[in-house]
Amino acid sequence: MHFLPEAIDEYIVKHSAKEPDLLAKLNRETNQKVLRPRMLSGHYQGRVLSLLSKMKHPQTILEIGTYTGYSALCLAEGLAKDGTLHTIDIDEELYDFQKKYFDASTYKDQIYQYLGDALDIIPTIEAKFDLVFIDADKPNYPAYFRLIIEKMSPGGIILSDNVLWSGKVIETLNKDDESTKALLEYNNLLAEDDRVETVILPIRDGLTLSRVK
């Protein structure tokens, strides 16, 4: 969901950094061949992720929720020269699609793909994380945070997507809506946990920027 008028949204995209050719190709193919293409970070949010990563210049990035690999490639643009990006997804049907684009990029030797449940995989990654991007199943957002916070480097950045959830976070909660319920818990968790300082950015469907103290 976009919270800004379409004309303003188009102006912002037009006056932001250009989408790299490989990512533009990935964007097109995702929209042509993959279910739920709106899950893609897309041009504008992708440039935001790229710029934040370049500002942090992380040694180790963790991504929870690869989808077709767009956001991973954006985040990889800021990696330290010998840095690594670990990206996890549970959908085996997308693995080869992701790998095709990772292999076509200049970061192919720095990206590690994992297939399975992130809650099981994260503890096996022996690294401190400088930058984490959470964009996976919403009911597990609180569990992901509790798992990664102990593995974050001081000053590390946690980015969380879809935290406004098409505006449902301010609507009357349907008791059967597990995703909205979890996001409400997650947003409160980030706002109240004194180990992080957090702001919500109204980018696309809501992007939280949290800095570990």
# chains A, B, ... in the order shown; residues from 1 in each chain; ligands from 1
>>> residues_around(residues="region 59-71 of chain A", least_positions_apart="2", cutoff="6 Å", atoms="only C-alpha atoms", output="number ranges by chain")
A: 73-74, 80, 83-89, 98, 129-136
>>> write_last_selection(atoms="N, CA and C atoms", output="short mmCIF file (atom, residue, chain, number, x, y, z; two decimals), in the first residue's frame")
data_model
loop_
_atom_site.label_atom_id
_atom_site.label_comp_id
_atom_site.auth_asym_id
_atom_site.auth_seq_id
_atom_site.Cartn_x
_atom_site.Cartn_y
_atom_site.Cartn_z
N LEU A 73 19.83 -7.98 -3.15
CA LEU A 73 20.79 -7.32 -4.04
C LEU A 73 20.94 -5.84 -3.73
N CYS A 74 19.84 -5.21 -3.32
CA CYS A 74 19.92 -3.80 -2.91
C CYS A 74 20.79 -3.65 -1.68
N ALA A 80 30.66 -4.40 3.05
CA ALA A 80 32.11 -4.24 3.09
C ALA A 80 32.73 -5.15 2.04
N GLY A 83 32.58 -8.54 3.06
CA GLY A 83 31.38 -8.80 3.83
C GLY A 83 30.53 -9.91 3.24
N THR A 84 29.55 -10.35 4.04
CA THR A 84 28.66 -11.43 3.60
C THR A 84 27.21 -11.06 3.88
N LEU A 85 26.33 -11.58 3.03
CA LEU A 85 24.90 -11.42 3.22
C LEU A 85 24.26 -12.80 3.30
N HIS A 86 23.51 -13.03 4.35
CA HIS A 86 22.83 -14.30 4.57
C HIS A 86 21.34 -14.07 4.40
N THR A 87 20.72 -14.75 3.44
CA THR A 87 19.31 -14.52 3.17
C THR A 87 18.54 -15.83 3.25
N ILE A 88 17.41 -15.79 3.95
CA ILE A 88 16.64 -16.99 4.29
C ILE A 88 15.23 -16.91 3.71
N ASP A 89 14.79 -18.00 3.10
CA ASP A 89 13.41 -18.08 2.64
C ASP A 89 12.93 -19.52 2.75
N GLN A 98 16.01 -16.87 -7.42
CA GLN A 98 16.91 -16.01 -6.65
C GLN A 98 18.36 -16.20 -7.10
N PHE A 129 25.47 -9.60 13.55
CA PHE A 129 24.84 -8.91 12.43
C PHE A 129 24.95 -7.40 12.58
N ASP A 130 25.40 -6.76 11.50
CA ASP A 130 25.48 -5.29 11.47
C ASP A 130 24.20 -4.68 10.90
N LEU A 131 23.52 -5.45 10.05
CA LEU A 131 22.30 -4.97 9.40
C LEU A 131 21.38 -6.16 9.20
N VAL A 132 20.12 -6.01 9.61
CA VAL A 132 19.13 -7.06 9.44
C VAL A 132 17.90 -6.47 8.76
N PHE A 133 17.37 -7.21 7.78
CA PHE A 133 16.12 -6.80 7.12
C PHE A 133 15.11 -7.92 7.33
N ILE A 134 13.99 -7.59 7.99
CA ILE A 134 12.93 -8.55 8.25
C ILE A 134 11.77 -8.27 7.31
N ASP A 135 11.47 -9.23 6.45
CA ASP A 135 10.37 -9.09 5.49
C ASP A 135 9.82 -10.48 5.18
N ALA A 136 9.30 -11.12 6.22
CA ALA A 136 8.82 -12.50 6.08
C ALA A 136 7.42 -12.61 6.68
#
>>> select_by_dssp(residues="region 86-202 of chain A", states="strand (DSSP E)", output="PyMOL selection string")
chain A and resi 86-89+111-115+129-134+152-161+196-201
>>> write_last_selection(atoms="N, CA and C atoms", output="mmCIF file, in the first residue's frame")
data_model
loop_
_atom_site.group_PDB
_atom_site.id
_atom_site.type_symbol
_atom_site.label_atom_id
_atom_site.label_comp_id
_atom_site.auth_asym_id
_atom_site.auth_seq_id
_atom_site.Cartn_x
_atom_site.Cartn_y
_atom_site.Cartn_z
ATOM 1 N N HIS A 86 23.510 -13.035 4.353
ATOM 2 C CA HIS A 86 22.831 -14.305 4.568
ATOM 3 C C HIS A 86 21.335 -14.066 4.404
ATOM 4 N N THR A 87 20.723 -14.746 3.440
ATOM 5 C CA THR A 87 19.308 -14.518 3.168
ATOM 6 C C THR A 87 18.536 -15.828 3.253
ATOM 7 N N ILE A 88 17.408 -15.790 3.947
ATOM 8 C CA ILE A 88 16.642 -16.994 4.285
ATOM 9 C C ILE A 88 15.233 -16.912 3.714
ATOM 10 N N ASP A 89 14.794 -18.004 3.103
ATOM 11 C CA ASP A 89 13.412 -18.076 2.639
ATOM 12 C C ASP A 89 12.928 -19.518 2.751
ATOM 13 N N ILE A 111 26.940 -13.662 -1.221
ATOM 14 C CA ILE A 111 25.570 -13.953 -0.818
ATOM 15 C C ILE A 111 25.408 -15.447 -0.535
ATOM 16 N N TYR A 112 24.858 -15.736 0.644
ATOM 17 C CA TYR A 112 24.598 -17.116 1.052
ATOM 18 C C TYR A 112 23.094 -17.312 1.193
ATOM 19 N N GLN A 113 22.565 -18.271 0.427
ATOM 20 C CA GLN A 113 21.133 -18.576 0.446
ATOM 21 C C GLN A 113 20.849 -19.716 1.422
ATOM 22 N N TYR A 114 19.742 -19.574 2.139
ATOM 23 C CA TYR A 114 19.301 -20.633 3.051
ATOM 24 C C TYR A 114 17.841 -20.927 2.752
ATOM 25 N N LEU A 115 17.492 -22.193 2.766
ATOM 26 C CA LEU A 115 16.126 -22.625 2.513
ATOM 27 C C LEU A 115 15.585 -23.321 3.755
ATOM 28 N N PHE A 129 25.474 -9.595 13.550
ATOM 29 C CA PHE A 129 24.842 -8.912 12.429
ATOM 30 C C PHE A 129 24.952 -7.396 12.578
ATOM 31 N N ASP A 130 25.396 -6.755 11.498
ATOM 32 C CA ASP A 130 25.478 -5.293 11.468
ATOM 33 C C ASP A 130 24.202 -4.681 10.896
ATOM 34 N N LEU A 131 23.524 -5.447 10.046
ATOM 35 C CA LEU A 131 22.303 -4.973 9.404
ATOM 36 C C LEU A 131 21.379 -6.164 9.195
ATOM 37 N N VAL A 132 20.121 -6.010 9.612
ATOM 38 C CA VAL A 132 19.127 -7.062 9.442
ATOM 39 C C VAL A 132 17.900 -6.472 8.757
ATOM 40 N N PHE A 133 17.368 -7.206 7.782
ATOM 41 C CA PHE A 133 16.117 -6.802 7.119
ATOM 42 C C PHE A 133 15.106 -7.917 7.326
ATOM 43 N N ILE A 134 13.994 -7.589 7.986
ATOM 44 C CA ILE A 134 12.930 -8.551 8.247
ATOM 45 C C ILE A 134 11.768 -8.269 7.309
ATOM 46 N N MET A 152 23.076 -9.028 17.466
ATOM 47 C CA MET A 152 23.354 -7.769 16.784
ATOM 48 C C MET A 152 24.642 -7.132 17.297
ATOM 49 N N SER A 153 25.379 -6.506 16.386
ATOM 50 C CA SER A 153 26.537 -5.714 16.769
ATOM 51 C C SER A 153 26.067 -4.401 17.389
ATOM 52 N N PRO A 154 26.842 -3.824 18.326
ATOM 53 C CA PRO A 154 26.494 -2.497 18.839
ATOM 54 C C PRO A 154 26.397 -1.502 17.685
ATOM 55 N N GLY A 155 25.337 -0.721 17.673
ATOM 56 C CA GLY A 155 25.138 0.220 16.577
ATOM 57 C C GLY A 155 24.522 -0.419 15.345
ATOM 58 N N GLY A 156 24.203 -1.705 15.426
ATOM 59 C CA GLY A 156 23.602 -2.399 14.301
ATOM 60 C C GLY A 156 22.218 -1.864 13.970
ATOM 61 N N ILE A 157 21.798 -2.107 12.743
ATOM 62 C CA ILE A 157 20.522 -1.591 12.244
ATOM 63 C C ILE A 157 19.582 -2.755 11.939
ATOM 64 N N ILE A 158 18.329 -2.635 12.402
ATOM 65 C CA ILE A 158 17.282 -3.598 12.073
ATOM 66 C C ILE A 158 16.220 -2.869 11.250
ATOM 67 N N LEU A 159 15.970 -3.352 10.057
ATOM 68 C CA LEU A 159 14.932 -2.810 9.188
ATOM 69 C C LEU A 159 13.786 -3.810 9.134
ATOM 70 N N SER A 160 12.559 -3.333 9.297
ATOM 71 C CA SER A 160 11.394 -4.220 9.331
ATOM 72 C C SER A 160 10.343 -3.695 8.360
ATOM 73 N N ASP A 161 9.919 -4.543 7.438
ATOM 74 C CA ASP A 161 8.986 -4.120 6.390
ATOM 75 C C ASP A 161 7.538 -4.426 6.766
ATOM 76 N N VAL A 196 16.936 -0.684 21.797
ATOM 77 C CA VAL A 196 16.912 -0.108 20.456
ATOM 78 C C VAL A 196 16.236 1.256 20.480
ATOM 79 N N GLU A 197 16.600 2.082 19.520
ATOM 80 C CA GLU A 197 15.861 3.326 19.275
ATOM 81 C C GLU A 197 15.261 3.208 17.888
ATOM 82 N N THR A 198 13.971 3.533 17.769
ATOM 83 C CA THR A 198 13.195 3.164 16.592
ATOM 84 C C THR A 198 12.391 4.321 16.037
ATOM 85 N N VAL A 199 12.337 4.393 14.708
ATOM 86 C CA VAL A 199 11.393 5.277 14.022
ATOM 87 C C VAL A 199 10.702 4.466 12.932
ATOM 88 N N ILE A 200 9.419 4.770 12.711
ATOM 89 C CA ILE A 200 8.687 4.161 11.602
ATOM 90 C C ILE A 200 8.659 5.150 10.446
ATOM 91 N N LEU A 201 9.089 4.689 9.281
ATOM 92 C CA LEU A 201 9.086 5.521 8.081
ATOM 93 C C LEU A 201 7.883 5.139 7.229
#
>>> residues_around(residues="Asp176 (chain A)", least_positions_apart="5", cutoff="12 Å", atoms="only C-alpha atoms", output="list in words")
Pro139, Lys181 and Ala182 of chain A
>>> closest_residue(among="A:Lys168, A:Lys56, A:Lys18, A:His43", to="Arg211 (chain A)", atoms="only C-alpha atoms")
A:Lys56
>>> closest_residue(among="A:Lys100, A:Lys175, A:Arg195, A:Arg204", to="Phe145 (chain A)", atoms="only C-alpha atoms")
A:Arg195
>>> closest_residue(among="A:Tyr44, A:Tyr95, A:Tyr186, A:Tyr11", to="Tyr141 (chain A)", atoms="only C-alpha atoms")
A:Tyr186
>>> select_by_dssp(residues="region 125-191 of chain A", states="helix (DSSP H, G or I)", output="PyMOL selection string")
chain A and resi 138-151+165-170+178-191
>>> closest_residue(among="A:Ile149, A:Ala118, A:Ile12, A:Leu51", to="Leu190 (chain A)", atoms="only C-alpha atoms")
A:Ile149
>>> residues_around(residues="Tyr101 (chain A)", least_positions_apart="2", cutoff="8 Å", atoms="only C-alpha atoms", output="PDB file with N, CA and C atoms, in the first residue's frame")
ATOM      1  N   LEU A  22      20.144  -4.589 -13.699  1.00  0.00           N
ATOM      2  CA  LEU A  22      19.878  -5.963 -13.275  1.00  0.00           C
ATOM      3  C   LEU A  22      18.619  -6.025 -12.409  1.00  0.00           C
ATOM      4  N   LEU A  26      15.049  -7.941 -12.945  1.00  0.00           N
ATOM      5  CA  LEU A  26      14.478  -8.801 -11.905  1.00  0.00           C
ATOM      6  C   LEU A  26      13.049  -8.354 -11.575  1.00  0.00           C
ATOM      7  N   GLY A  69      14.735 -12.040  -4.421  1.00  0.00           N
ATOM      8  CA  GLY A  69      16.121 -11.612  -4.308  1.00  0.00           C
ATOM      9  C   GLY A  69      16.383 -10.134  -4.523  1.00  0.00           C
ATOM     10  N   PHE A  97      15.229 -19.118  -8.944  1.00  0.00           N
ATOM     11  CA  PHE A  97      14.987 -17.760  -9.447  1.00  0.00           C
ATOM     12  C   PHE A  97      15.935 -16.788  -8.748  1.00  0.00           C
ATOM     13  N   GLN A  98      16.012 -16.872  -7.425  1.00  0.00           N
ATOM     14  CA  GLN A  98      16.911 -16.006  -6.655  1.00  0.00           C
ATOM     15  C   GLN A  98      18.360 -16.201  -7.099  1.00  0.00           C
ATOM     16  N   LYS A  99      18.753 -17.470  -7.193  1.00  0.00           N
ATOM     17  CA  LYS A  99      20.153 -17.788  -7.482  1.00  0.00           C
ATOM     18  C   LYS A  99      20.573 -17.266  -8.854  1.00  0.00           C
ATOM     19  N   ASP A 103      23.734 -14.890  -9.008  1.00  0.00           N
ATOM     20  CA  ASP A 103      24.906 -15.285  -9.803  1.00  0.00           C
ATOM     21  C   ASP A 103      25.234 -14.273 -10.893  1.00  0.00           C
ATOM     22  N   ALA A 104      24.237 -13.514 -11.326  1.00  0.00           N
ATOM     23  CA  ALA A 104      24.456 -12.506 -12.367  1.00  0.00           C
ATOM     24  C   ALA A 104      24.987 -11.195 -11.792  1.00  0.00           C
ATOM     25  N   SER A 105      25.028 -11.104 -10.479  1.00  0.00           N
ATOM     26  CA  SER A 105      25.462  -9.861  -9.830  1.00  0.00           C
ATOM     27  C   SER A 105      26.940  -9.909  -9.471  1.00  0.00           C
TER      28      SER A 105
END
>>> residues_around(residues="Leu52 (chain A)", least_positions_apart="5", cutoff="9 Å", atoms="only C-alpha atoms", output="PyMOL selection string")
chain A and resi 47+57+75+78
>>> write_last_selection(atoms="C-alpha atoms", output="CSV table (one decimal), in the first residue's frame")
chain,number,residue,atom,x,y,z
A,47,ARG,CA,17.1,2.5,-3.3
A,57,HIS,CA,28.8,-0.4,5.2
A,75,LEU,CA,21.3,-4.4,0.6
A,78,GLY,CA,26.6,-1.5,0.8
>>> residues_around(residues="Asp205 (chain A)", least_positions_apart="5", cutoff="9 Å", atoms="only C-alpha atoms", output="PDB file with N, CA and C atoms, in the first residue's frame")
ATOM      1  N   MET A   1       0.837  -1.195   0.000  1.00  0.00           N
ATOM      2  CA  MET A   1       0.000   0.000   0.000  1.00  0.00           C
ATOM      3  C   MET A   1       0.870   1.243   0.000  1.00  0.00           C
ATOM      4  N   HIS A   2       0.448   2.278  -0.736  1.00  0.00           N
ATOM      5  CA  HIS A   2       1.132   3.560  -0.749  1.00  0.00           C
ATOM      6  C   HIS A   2       0.284   4.556   0.041  1.00  0.00           C
ATOM      7  N   PHE A   3       0.896   5.244   0.985  1.00  0.00           N
ATOM      8  CA  PHE A   3       0.156   6.179   1.823  1.00  0.00           C
ATOM      9  C   PHE A   3       0.194   7.600   1.273  1.00  0.00           C
ATOM     10  N   ASP A 161       9.919  -4.543   7.438  1.00  0.00           N
ATOM     11  CA  ASP A 161       8.986  -4.120   6.390  1.00  0.00           C
ATOM     12  C   ASP A 161       7.538  -4.426   6.766  1.00  0.00           C
ATOM     13  N   ASN A 162       6.626  -3.693   6.132  1.00  0.00           N
ATOM     14  CA  ASN A 162       5.171  -3.912   6.245  1.00  0.00           C
ATOM     15  C   ASN A 162       4.608  -3.640   7.638  1.00  0.00           C
ATOM     16  N   VAL A 163       5.224  -2.749   8.390  1.00  0.00           N
ATOM     17  CA  VAL A 163       4.808  -2.539   9.775  1.00  0.00           C
ATOM     18  C   VAL A 163       3.525  -1.708   9.907  1.00  0.00           C
ATOM     19  N   LEU A 164       3.066  -1.105   8.812  1.00  0.00           N
ATOM     20  CA  LEU A 164       1.777  -0.397   8.849  1.00  0.00           C
ATOM     21  C   LEU A 164       0.649  -1.253   8.278  1.00  0.00           C
ATOM     22  N   TRP A 165       0.998  -2.284   7.542  1.00  0.00           N
ATOM     23  CA  TRP A 165       0.092  -3.353   7.121  1.00  0.00           C
ATOM     24  C   TRP A 165      -1.199  -2.813   6.511  1.00  0.00           C
ATOM     25  N   SER A 166      -1.018  -1.992   5.463  1.00  0.00           N
ATOM     26  CA  SER A 166      -2.145  -1.392   4.733  1.00  0.00           C
ATOM     27  C   SER A 166      -3.075  -0.589   5.644  1.00  0.00           C
ATOM     28  N   GLY A 167      -2.523  -0.045   6.710  1.00  0.00           N
ATOM     29  CA  GLY A 167      -3.310   0.773   7.636  1.00  0.00           C
ATOM     30  C   GLY A 167      -4.077  -0.015   8.674  1.00  0.00           C
TER      31      GLY A 167
END
